[in-house]
file entry-v1.pdb (PDB, N, CA and C atoms, pLDDT in the B column)
ATOM      1  N   MET G   1     106.900 122.623  97.800  1.00 90.00           N
ATOM      2  CA  MET G   1     106.329 121.327  98.075  1.00 90.00           C
ATOM      3  C   MET G   1     105.304 121.027  96.983  1.00 90.00           C
ATOM      4  N   SER G   2     105.328 119.804  96.530  1.00 94.00           N
ATOM      5  CA  SER G   2     104.388 119.371  95.499  1.00 94.00           C
ATOM      6  C   SER G   2     103.660 118.100  95.926  1.00 94.00           C
ATOM      7  N   PHE G   3     102.406 118.039  95.568  1.00 96.00           N
ATOM      8  CA  PHE G   3     101.616 116.830  95.714  1.00 96.00           C
ATOM      9  C   PHE G   3     101.457 116.274  94.301  1.00 96.00           C
ATOM     10  N   VAL G   4     101.795 114.999  94.132  1.00 96.00           N
ATOM     11  CA  VAL G   4     101.912 114.433  92.793  1.00 96.00           C
ATOM     12  C   VAL G   4     100.971 113.265  92.591  1.00 96.00           C
ATOM     13  N   GLU G   5     100.289 113.266  91.462  1.00 96.00           N
ATOM     14  CA  GLU G   5      99.467 112.143  91.026  1.00 96.00           C
ATOM     15  C   GLU G   5     100.146 111.568  89.783  1.00 96.00           C
ATOM     16  N   VAL G   6     100.424 110.274  89.794  1.00 96.00           N
ATOM     17  CA  VAL G   6     101.077 109.613  88.664  1.00 96.00           C
ATOM     18  C   VAL G   6     100.052 108.743  87.951  1.00 96.00           C
ATOM     19  N   LYS G   7      99.902 108.963  86.657  1.00 95.00           N
ATOM     20  CA  LYS G   7      98.957 108.189  85.856  1.00 95.00           C
ATOM     21  C   LYS G   7      99.729 107.485  84.749  1.00 95.00           C
ATOM     22  N   THR G   8      99.440 106.207  84.561  1.00 93.00           N
ATOM     23  CA  THR G   8     100.138 105.387  83.569  1.00 93.00           C
ATOM     24  C   THR G   8      99.144 104.796  82.581  1.00 93.00           C
ATOM     25  N   ARG G   9      99.541 104.759  81.325  1.00 93.00           N
ATOM     26  CA  ARG G   9      98.745 104.142  80.276  1.00 93.00           C
ATOM     27  C   ARG G   9      99.678 103.377  79.350  1.00 93.00           C
ATOM     28  N   GLN G  10      99.124 102.431  78.626  1.00 90.00           N
ATOM     29  CA  GLN G  10      99.904 101.687  77.641  1.00 90.00           C
ATOM     30  C   GLN G  10      99.741 102.272  76.248  1.00 90.00           C
ATOM     31  N   SER G  11      98.752 103.147  76.076  1.00 87.00           N
ATOM     32  CA  SER G  11      98.554 103.804  74.782  1.00 87.00           C
ATOM     33  C   SER G  11      97.697 105.045  75.020  1.00 87.00           C
ATOM     34  N   PHE G  12      97.482 105.799  73.952  1.00 88.00           N
ATOM     35  CA  PHE G  12      96.601 106.960  74.027  1.00 88.00           C
ATOM     36  C   PHE G  12      95.190 106.604  73.558  1.00 88.00           C
ATOM     37  N   HIS G  13      94.897 105.315  73.463  1.00 90.00           N
ATOM     38  CA  HIS G  13      93.590 104.857  72.967  1.00 90.00           C
ATOM     39  C   HIS G  13      92.428 105.481  73.754  1.00 90.00           C
ATOM     40  N   TYR G  14      92.586 105.598  75.042  1.00 89.00           N
ATOM     41  CA  TYR G  14      91.533 106.176  75.886  1.00 89.00           C
ATOM     42  C   TYR G  14      91.878 107.594  76.326  1.00 89.00           C
ATOM     43  N   GLY G  15      92.789 108.253  75.604  1.00 91.00           N
ATOM     44  CA  GLY G  15      93.175 109.618  75.937  1.00 91.00           C
ATOM     45  C   GLY G  15      94.489 109.668  76.695  1.00 91.00           C
ATOM     46  N   ARG G  16      94.903 110.863  77.006  1.00 93.00           N
ATOM     47  CA  ARG G  16      96.149 111.076  77.744  1.00 93.00           C
ATOM     48  C   ARG G  16      95.962 110.605  79.193  1.00 93.00           C
ATOM     49  N   PRO G  17      97.025 110.163  79.829  1.00 94.00           N
ATOM     50  CA  PRO G  17      96.909 109.717  81.226  1.00 94.00           C
ATOM     51  C   PRO G  17      96.318 110.781  82.150  1.00 94.00           C
ATOM     52  N   ALA G  18      96.706 112.042  81.970  1.00 94.00           N
ATOM     53  CA  ALA G  18      96.221 113.116  82.849  1.00 94.00           C
ATOM     54  C   ALA G  18      94.716 113.321  82.751  1.00 94.00           C
ATOM     55  N   GLU G  19      94.130 112.933  81.624  1.00 94.00           N
ATOM     56  CA  GLU G  19      92.685 113.087  81.460  1.00 94.00           C
ATOM     57  C   GLU G  19      91.899 112.178  82.399  1.00 94.00           C
ATOM     58  N   ALA G  20      92.568 111.197  82.995  1.00 93.00           N
ATOM     59  CA  ALA G  20      91.909 110.296  83.950  1.00 93.00           C
ATOM     60  C   ALA G  20      91.789 110.920  85.337  1.00 93.00           C
ATOM     61  N   VAL G  21      92.367 112.087  85.528  1.00 95.00           N
ATOM     62  CA  VAL G  21      92.246 112.777  86.816  1.00 95.00           C
ATOM     63  C   VAL G  21      90.973 113.612  86.763  1.00 95.00           C
ATOM     64  N   THR G  22      89.918 113.043  87.297  1.00 94.00           N
ATOM     65  CA  THR G  22      88.594 113.668  87.270  1.00 94.00           C
ATOM     66  C   THR G  22      88.469 114.743  88.344  1.00 94.00           C
ATOM     67  N   GLU G  23      87.407 115.509  88.276  1.00 96.00           N
ATOM     68  CA  GLU G  23      87.149 116.517  89.312  1.00 96.00           C
ATOM     69  C   GLU G  23      87.019 115.862  90.690  1.00 96.00           C
ATOM     70  N   GLU G  24      86.410 114.685  90.737  1.00 97.00           N
ATOM     71  CA  GLU G  24      86.279 113.950  92.008  1.00 97.00           C
ATOM     72  C   GLU G  24      87.655 113.573  92.551  1.00 97.00           C
ATOM     73  N   LYS G  25      88.551 113.122  91.677  1.00 95.00           N
ATOM     74  CA  LYS G  25      89.902 112.765  92.092  1.00 95.00           C
ATOM     75  C   LYS G  25      90.653 113.999  92.582  1.00 95.00           C
ATOM     76  N   LYS G  26      90.505 115.123  91.889  1.00 96.00           N
ATOM     77  CA  LYS G  26      91.154 116.372  92.305  1.00 96.00           C
ATOM     78  C   LYS G  26      90.669 116.786  93.690  1.00 96.00           C
ATOM     79  N   LYS G  27      89.370 116.638  93.916  1.00 97.00           N
ATOM     80  CA  LYS G  27      88.793 116.975  95.225  1.00 97.00           C
ATOM     81  C   LYS G  27      89.415 116.106  96.313  1.00 97.00           C
ATOM     82  N   HIS G  28      89.560 114.818  96.031  1.00 96.00           N
ATOM     83  CA  HIS G  28      90.162 113.889  96.984  1.00 96.00           C
ATOM     84  C   HIS G  28      91.624 114.263  97.251  1.00 96.00           C
ATOM     85  N   LEU G  29      92.374 114.595  96.204  1.00 96.00           N
ATOM     86  CA  LEU G  29      93.780 114.973  96.363  1.00 96.00           C
ATOM     87  C   LEU G  29      93.932 116.246  97.189  1.00 96.00           C
ATOM     88  N   ARG G  30      93.058 117.236  96.935  1.00 95.00           N
ATOM     89  CA  ARG G  30      93.108 118.475  97.724  1.00 95.00           C
ATOM     90  C   ARG G  30      92.828 118.196  99.197  1.00 95.00           C
ATOM     91  N   LYS G  31      91.833 117.350  99.461  1.00 97.00           N
ATOM     92  CA  LYS G  31      91.486 117.026 100.845  1.00 97.00           C
ATOM     93  C   LYS G  31      92.654 116.321 101.540  1.00 97.00           C
ATOM     94  N   ALA G  32      93.271 115.364 100.855  1.00 96.00           N
ATOM     95  CA  ALA G  32      94.420 114.650 101.426  1.00 96.00           C
ATOM     96  C   ALA G  32      95.577 115.612 101.681  1.00 96.00           C
ATOM     97  N   ALA G  33      95.824 116.520 100.745  1.00 95.00           N
ATOM     98  CA  ALA G  33      96.908 117.488 100.903  1.00 95.00           C
ATOM     99  C   ALA G  33      96.658 118.400 102.100  1.00 95.00           C
ATOM    100  N   HIS G  34      95.430 118.872 102.236  1.00 93.00           N
ATOM    101  CA  HIS G  34      95.120 119.754 103.359  1.00 93.00           C
ATOM    102  C   HIS G  34      95.225 119.027 104.696  1.00 93.00           C
ATOM    103  N   CYS G  35      94.853 117.761 104.740  1.00 94.00           N
ATOM    104  CA  CYS G  35      95.024 116.974 105.973  1.00 94.00           C
ATOM    105  C   CYS G  35      96.503 116.857 106.315  1.00 94.00           C
ATOM    106  N   TYR G  36      97.325 116.588 105.315  1.00 94.00           N
ATOM    107  CA  TYR G  36      98.761 116.481 105.524  1.00 94.00           C
ATOM    108  C   TYR G  36      99.341 117.822 105.997  1.00 94.00           C
ATOM    109  N   LEU G  37      98.943 118.916 105.344  1.00 93.00           N
ATOM    110  CA  LEU G  37      99.448 120.232 105.727  1.00 93.00           C
ATOM    111  C   LEU G  37      99.027 120.599 107.143  1.00 93.00           C
ATOM    112  N   ASP G  38      97.802 120.269 107.525  1.00 92.00           N
ATOM    113  CA  ASP G  38      97.356 120.518 108.896  1.00 92.00           C
ATOM    114  C   ASP G  38      98.195 119.746 109.897  1.00 92.00           C
ATOM    115  N   GLU G  39      98.503 118.489 109.566  1.00 92.00           N
ATOM    116  CA  GLU G  39      99.337 117.678 110.448  1.00 92.00           C
ATOM    117  C   GLU G  39     100.734 118.273 110.575  1.00 92.00           C
ATOM    118  N   MET G  40     101.301 118.713 109.465  1.00 91.00           N
ATOM    119  CA  MET G  40     102.643 119.291 109.486  1.00 91.00           C
ATOM    120  C   MET G  40     102.672 120.630 110.222  1.00 91.00           C
ATOM    121  N   LYS G  41     101.578 121.402 110.092  1.00 90.00           N
ATOM    122  CA  LYS G  41     101.498 122.679 110.804  1.00 90.00           C
ATOM    123  C   LYS G  41     101.559 122.435 112.305  1.00 90.00           C
ATOM    124  N   GLY G  42     100.914 121.354 112.770  1.00 89.00           N
ATOM    125  CA  GLY G  42     100.944 120.996 114.184  1.00 89.00           C
ATOM    126  C   GLY G  42     102.337 120.633 114.667  1.00 89.00           C
ATOM    127  N   LYS G  43     103.212 120.267 113.736  1.00 90.00           N
ATOM    128  CA  LYS G  43     104.604 119.933 114.074  1.00 90.00           C
ATOM    129  C   LYS G  43     105.545 121.110 113.837  1.00 90.00           C
ATOM    130  N   GLY G  44     104.969 122.265 113.511  1.00 89.00           N
ATOM    131  CA  GLY G  44     105.769 123.466 113.349  1.00 89.00           C
ATOM    132  C   GLY G  44     106.298 123.705 111.940  1.00 89.00           C
ATOM    133  N   TYR G  45     105.875 122.917 110.978  1.00 88.00           N
ATOM    134  CA  TYR G  45     106.345 123.109 109.604  1.00 88.00           C
ATOM    135  C   TYR G  45     105.212 123.650 108.749  1.00 88.00           C
ATOM    136  N   VAL G  46     105.449 124.792 108.141  1.00 82.00           N
ATOM    137  CA  VAL G  46     104.461 125.377 107.247  1.00 82.00           C
ATOM    138  C   VAL G  46     105.170 125.717 105.932  1.00 82.00           C
ATOM    139  N   PRO G  47     104.840 125.025 104.837  1.00 82.00           N
ATOM    140  CA  PRO G  47     105.502 125.336 103.563  1.00 82.00           C
ATOM    141  C   PRO G  47     105.077 126.716 103.055  1.00 82.00           C
ATOM    142  N   ARG G  48     106.012 127.416 102.439  1.00 84.00           N
ATOM    143  CA  ARG G  48     105.683 128.728 101.879  1.00 84.00           C
ATOM    144  C   ARG G  48     104.765 128.590 100.677  1.00 84.00           C
ATOM    145  N   LYS G  49     105.059 127.602  99.836  1.00 90.00           N
ATOM    146  CA  LYS G  49     104.241 127.375  98.643  1.00 90.00           C
ATOM    147  C   LYS G  49     104.029 125.879  98.467  1.00 90.00           C
ATOM    148  N   TYR G  50     102.918 125.542  97.884  1.00 92.00           N
ATOM    149  CA  TYR G  50     102.692 124.144  97.511  1.00 92.00           C
ATOM    150  C   TYR G  50     101.837 124.119  96.254  1.00 92.00           C
ATOM    151  N   GLY G  51     101.916 123.006  95.555  1.00 95.00           N
ATOM    152  CA  GLY G  51     101.144 122.877  94.329  1.00 95.00           C
ATOM    153  C   GLY G  51     100.861 121.414  94.030  1.00 95.00           C
ATOM    154  N   PHE G  52     100.130 121.219  92.968  1.00 96.00           N
ATOM    155  CA  PHE G  52      99.740 119.880  92.543  1.00 96.00           C
ATOM    156  C   PHE G  52     100.307 119.624  91.152  1.00 96.00           C
ATOM    157  N   LYS G  53     100.822 118.417  90.953  1.00 97.00           N
ATOM    158  CA  LYS G  53     101.389 118.032  89.666  1.00 97.00           C
ATOM    159  C   LYS G  53     100.831 116.691  89.239  1.00 97.00           C
ATOM    160  N   ILE G  54     100.770 116.494  87.936  1.00 97.00           N
ATOM    161  CA  ILE G  54     100.400 115.196  87.376  1.00 97.00           C
ATOM    162  C   ILE G  54     101.581 114.728  86.535  1.00 97.00           C
ATOM    163  N   ILE G  55     102.036 113.519  86.800  1.00 97.00           N
ATOM    164  CA  ILE G  55     103.085 112.902  86.011  1.00 97.00           C
ATOM    165  C   ILE G  55     102.417 111.884  85.092  1.00 97.00           C
ATOM    166  N   GLU G  56     102.630 112.029  83.798  1.00 95.00           N
ATOM    167  CA  GLU G  56     102.073 111.090  82.823  1.00 95.00           C
ATOM    168  C   GLU G  56     103.167 110.114  82.390  1.00 95.00           C
ATOM    169  N   ILE G  57     102.827 108.836  82.403  1.00 95.00           N
ATOM    170  CA  ILE G  57     103.744 107.809  81.919  1.00 95.00           C
ATOM    171  C   ILE G  57     103.007 106.978  80.881  1.00 95.00           C
ATOM    172  N   VAL G  58     103.596 106.890  79.701  1.00 92.00           N
ATOM    173  CA  VAL G  58     103.041 106.040  78.653  1.00 92.00           C
ATOM    174  C   VAL G  58     104.054 104.931  78.413  1.00 92.00           C
ATOM    175  N   VAL G  59     103.632 103.699  78.665  1.00 91.00           N
ATOM    176  CA  VAL G  59     104.508 102.538  78.565  1.00 91.00           C
ATOM    177  C   VAL G  59     104.416 101.966  77.182  1.00 91.00           C
ATOM    178  N   ASN G  60     105.557 101.789  76.559  1.00 85.00           N
ATOM    179  CA  ASN G  60     105.616 101.188  75.245  1.00 85.00           C
ATOM    180  C   ASN G  60     106.470  99.925  75.360  1.00 85.00           C
ATOM    181  N   GLN G  61     105.837  98.800  75.426  1.00 83.00           N
ATOM    182  CA  GLN G  61     106.543  97.531  75.570  1.00 83.00           C
ATOM    183  C   GLN G  61     106.945  97.016  74.195  1.00 83.00           C
ATOM    184  N   ILE G  62     108.206  96.664  74.053  1.00 86.00           N
ATOM    185  CA  ILE G  62     108.711  96.144  72.779  1.00 86.00           C
ATOM    186  C   ILE G  62     109.091  94.674  73.003  1.00 86.00           C
ATOM    187  N   ASP G  63     108.277  93.772  72.505  1.00 90.00           N
ATOM    188  CA  ASP G  63     108.566  92.360  72.629  1.00 90.00           C
ATOM    189  C   ASP G  63     109.684  91.959  71.663  1.00 90.00           C
ATOM    190  N   ASN G  64     110.476  90.996  72.067  1.00 93.00           N
ATOM    191  CA  ASN G  64     111.587  90.502  71.228  1.00 93.00           C
ATOM    192  C   ASN G  64     112.448  91.646  70.694  1.00 93.00           C
ATOM    193  N   ALA G  65     112.787  92.592  71.574  1.00 87.00           N
ATOM    194  CA  ALA G  65     113.510  93.781  71.172  1.00 87.00           C
ATOM    195  C   ALA G  65     114.885  93.467  70.590  1.00 87.00           C
ATOM    196  N   PHE G  66     115.504  92.405  71.065  1.00 94.00           N
ATOM    197  CA  PHE G  66     116.803  91.996  70.485  1.00 94.00           C
ATOM    198  C   PHE G  66     117.065  90.543  70.805  1.00 94.00           C
TER     199      PHE G  66
END
call {"tool": "encode", "arguments": {"input": "entry-v1.pdb", "output": "structure tokens"}}
result
Amino acid sequence: MSFVEVKTRQSFHYGRPAEAVTEEKKKHLRKAAHCYLDEMKGKGYVPRKYGFKIIEIVVNQIDNAF
């Protein structure tokens, strides 16, 4: 099981998208994940492993492409 944060940017001008995931954001994601896992445990489902992933998307818009 994975908990995923998706970050999108139009350029690397302000750094990589993943760099926008601050310690505060990580804390929030962990808390949300643990709330979800507690809820699922109450329903009898306990994942063997879980982790956190960041998906980076860099959008490159090409005007008048053809």
call {"tool": "select_by_dssp", "arguments": {"input": "entry-v1.pdb", "residues": "chain G", "states": "alpha helix (DSSP H)", "output": "list in words"}}
result
Glu23, Glu24, Lys25, Lys26, Lys27, His28, Leu29, Arg30, Lys31, Ala32, Ala33, His34, Cys35, Tyr36, Leu37, Asp38, Glu39, Met40, Lys41 and Gly42 of chain G
call {"tool": "atom_distance", "arguments": {"input": "entry-v1.pdb", "atom1": "atom C of Gln10 of chain G", "atom2": "atom C of Lys27 of chain G"}}
result
26.5 Å
call {"tool": "resolve_selection", "arguments": {"input": "entry-v1.pdb", "expression": "the PyMOL selection byres ((chain G and resi 60) around 8)", "output": "list in words"}}
result
Arg9, Gln10, Ser11, Ile57, Val58, Val59, Gln61, Ile62 and Asp63 of chain G
call {"tool": "resolve_selection", "arguments": {"input": "entry-v1.pdb", "expression": "the PyMOL selection byres ((chain G and resi 3) around 5)", "output": "ChimeraX atom specification"}}
result
/G:1-2,4-5,51-53
call {"tool": "select_by_dssp", "arguments": {"input": "entry-v1.pdb", "residues": "chain G", "states": "strand (DSSP E)", "output": "NGL selection string"}}
result
:G and (2-9 or 51-58)
call {"tool": "resolve_selection", "arguments": {"input": "entry-v1.pdb", "expression": "the PyMOL selection byres (((chain G and resi 18 and name CA) around 9) and name CA)", "output": "CSV table (one decimal) with N, CA and C atoms, keeping the file's coordinate frame"}}
result
chain,number,residue,atom,x,y,z
G,5,GLU,N,100.3,113.3,91.5
G,5,GLU,CA,99.5,112.1,91.0
G,5,GLU,C,100.1,111.6,89.8
G,6,VAL,N,100.4,110.3,89.8
G,6,VAL,CA,101.1,109.6,88.7
G,6,VAL,C,100.1,108.7,88.0
G,7,LYS,N,99.9,109.0,86.7
G,7,LYS,CA,99.0,108.2,85.9
G,7,LYS,C,99.7,107.5,84.7
G,8,THR,N,99.4,106.2,84.6
G,8,THR,CA,100.1,105.4,83.6
G,8,THR,C,99.1,104.8,82.6
G,15,GLY,N,92.8,108.3,75.6
G,15,GLY,CA,93.2,109.6,75.9
G,15,GLY,C,94.5,109.7,76.7
G,16,ARG,N,94.9,110.9,77.0
G,16,ARG,CA,96.1,111.1,77.7
G,16,ARG,C,96.0,110.6,79.2
G,17,PRO,N,97.0,110.2,79.8
G,17,PRO,CA,96.9,109.7,81.2
G,17,PRO,C,96.3,110.8,82.2
G,19,GLU,N,94.1,112.9,81.6
G,19,GLU,CA,92.7,113.1,81.5
G,19,GLU,C,91.9,112.2,82.4
G,20,ALA,N,92.6,111.2,83.0
G,20,ALA,CA,91.9,110.3,84.0
G,20,ALA,C,91.8,110.9,85.3
G,21,VAL,N,92.4,112.1,85.5
G,21,VAL,CA,92.2,112.8,86.8
G,21,VAL,C,91.0,113.6,86.8
G,22,THR,N,89.9,113.0,87.3
G,22,THR,CA,88.6,113.7,87.3
G,22,THR,C,88.5,114.7,88.3
G,54,ILE,N,100.8,116.5,87.9
G,54,ILE,CA,100.4,115.2,87.4
G,54,ILE,C,101.6,114.7,86.5
G,55,ILE,N,102.0,113.5,86.8
G,55,ILE,CA,103.1,112.9,86.0
G,55,ILE,C,102.4,111.9,85.1
G,56,GLU,N,102.6,112.0,83.8
G,56,GLU,CA,102.1,111.1,82.8
G,56,GLU,C,103.2,110.1,82.4
call {"tool": "atom_distance", "arguments": {"input": "entry-v1.pdb", "atom1": "atom CA of Gly44 of chain G", "atom2": "atom CA of His28 of chain G"}}
result
24.6 Å
call {"tool": "atom_distance", "arguments": {"input": "entry-v1.pdb", "atom1": "atom CA of Leu37 of chain G", "atom2": "atom N of Lys49 of chain G"}}
result
11.0 Å
call {"tool": "axis_aligned_box", "arguments": {"input": "entry-v1.pdb", "around": "segment 57-64 of chain G", "padding_each_side": "5 Å", "output": "AutoDock Vina command-line options"}}
result
--center_x 107.6 --center_y 99.7 --center_z 76.5 --size_x 19.6 --size_y 28.3 --size_z 21.7
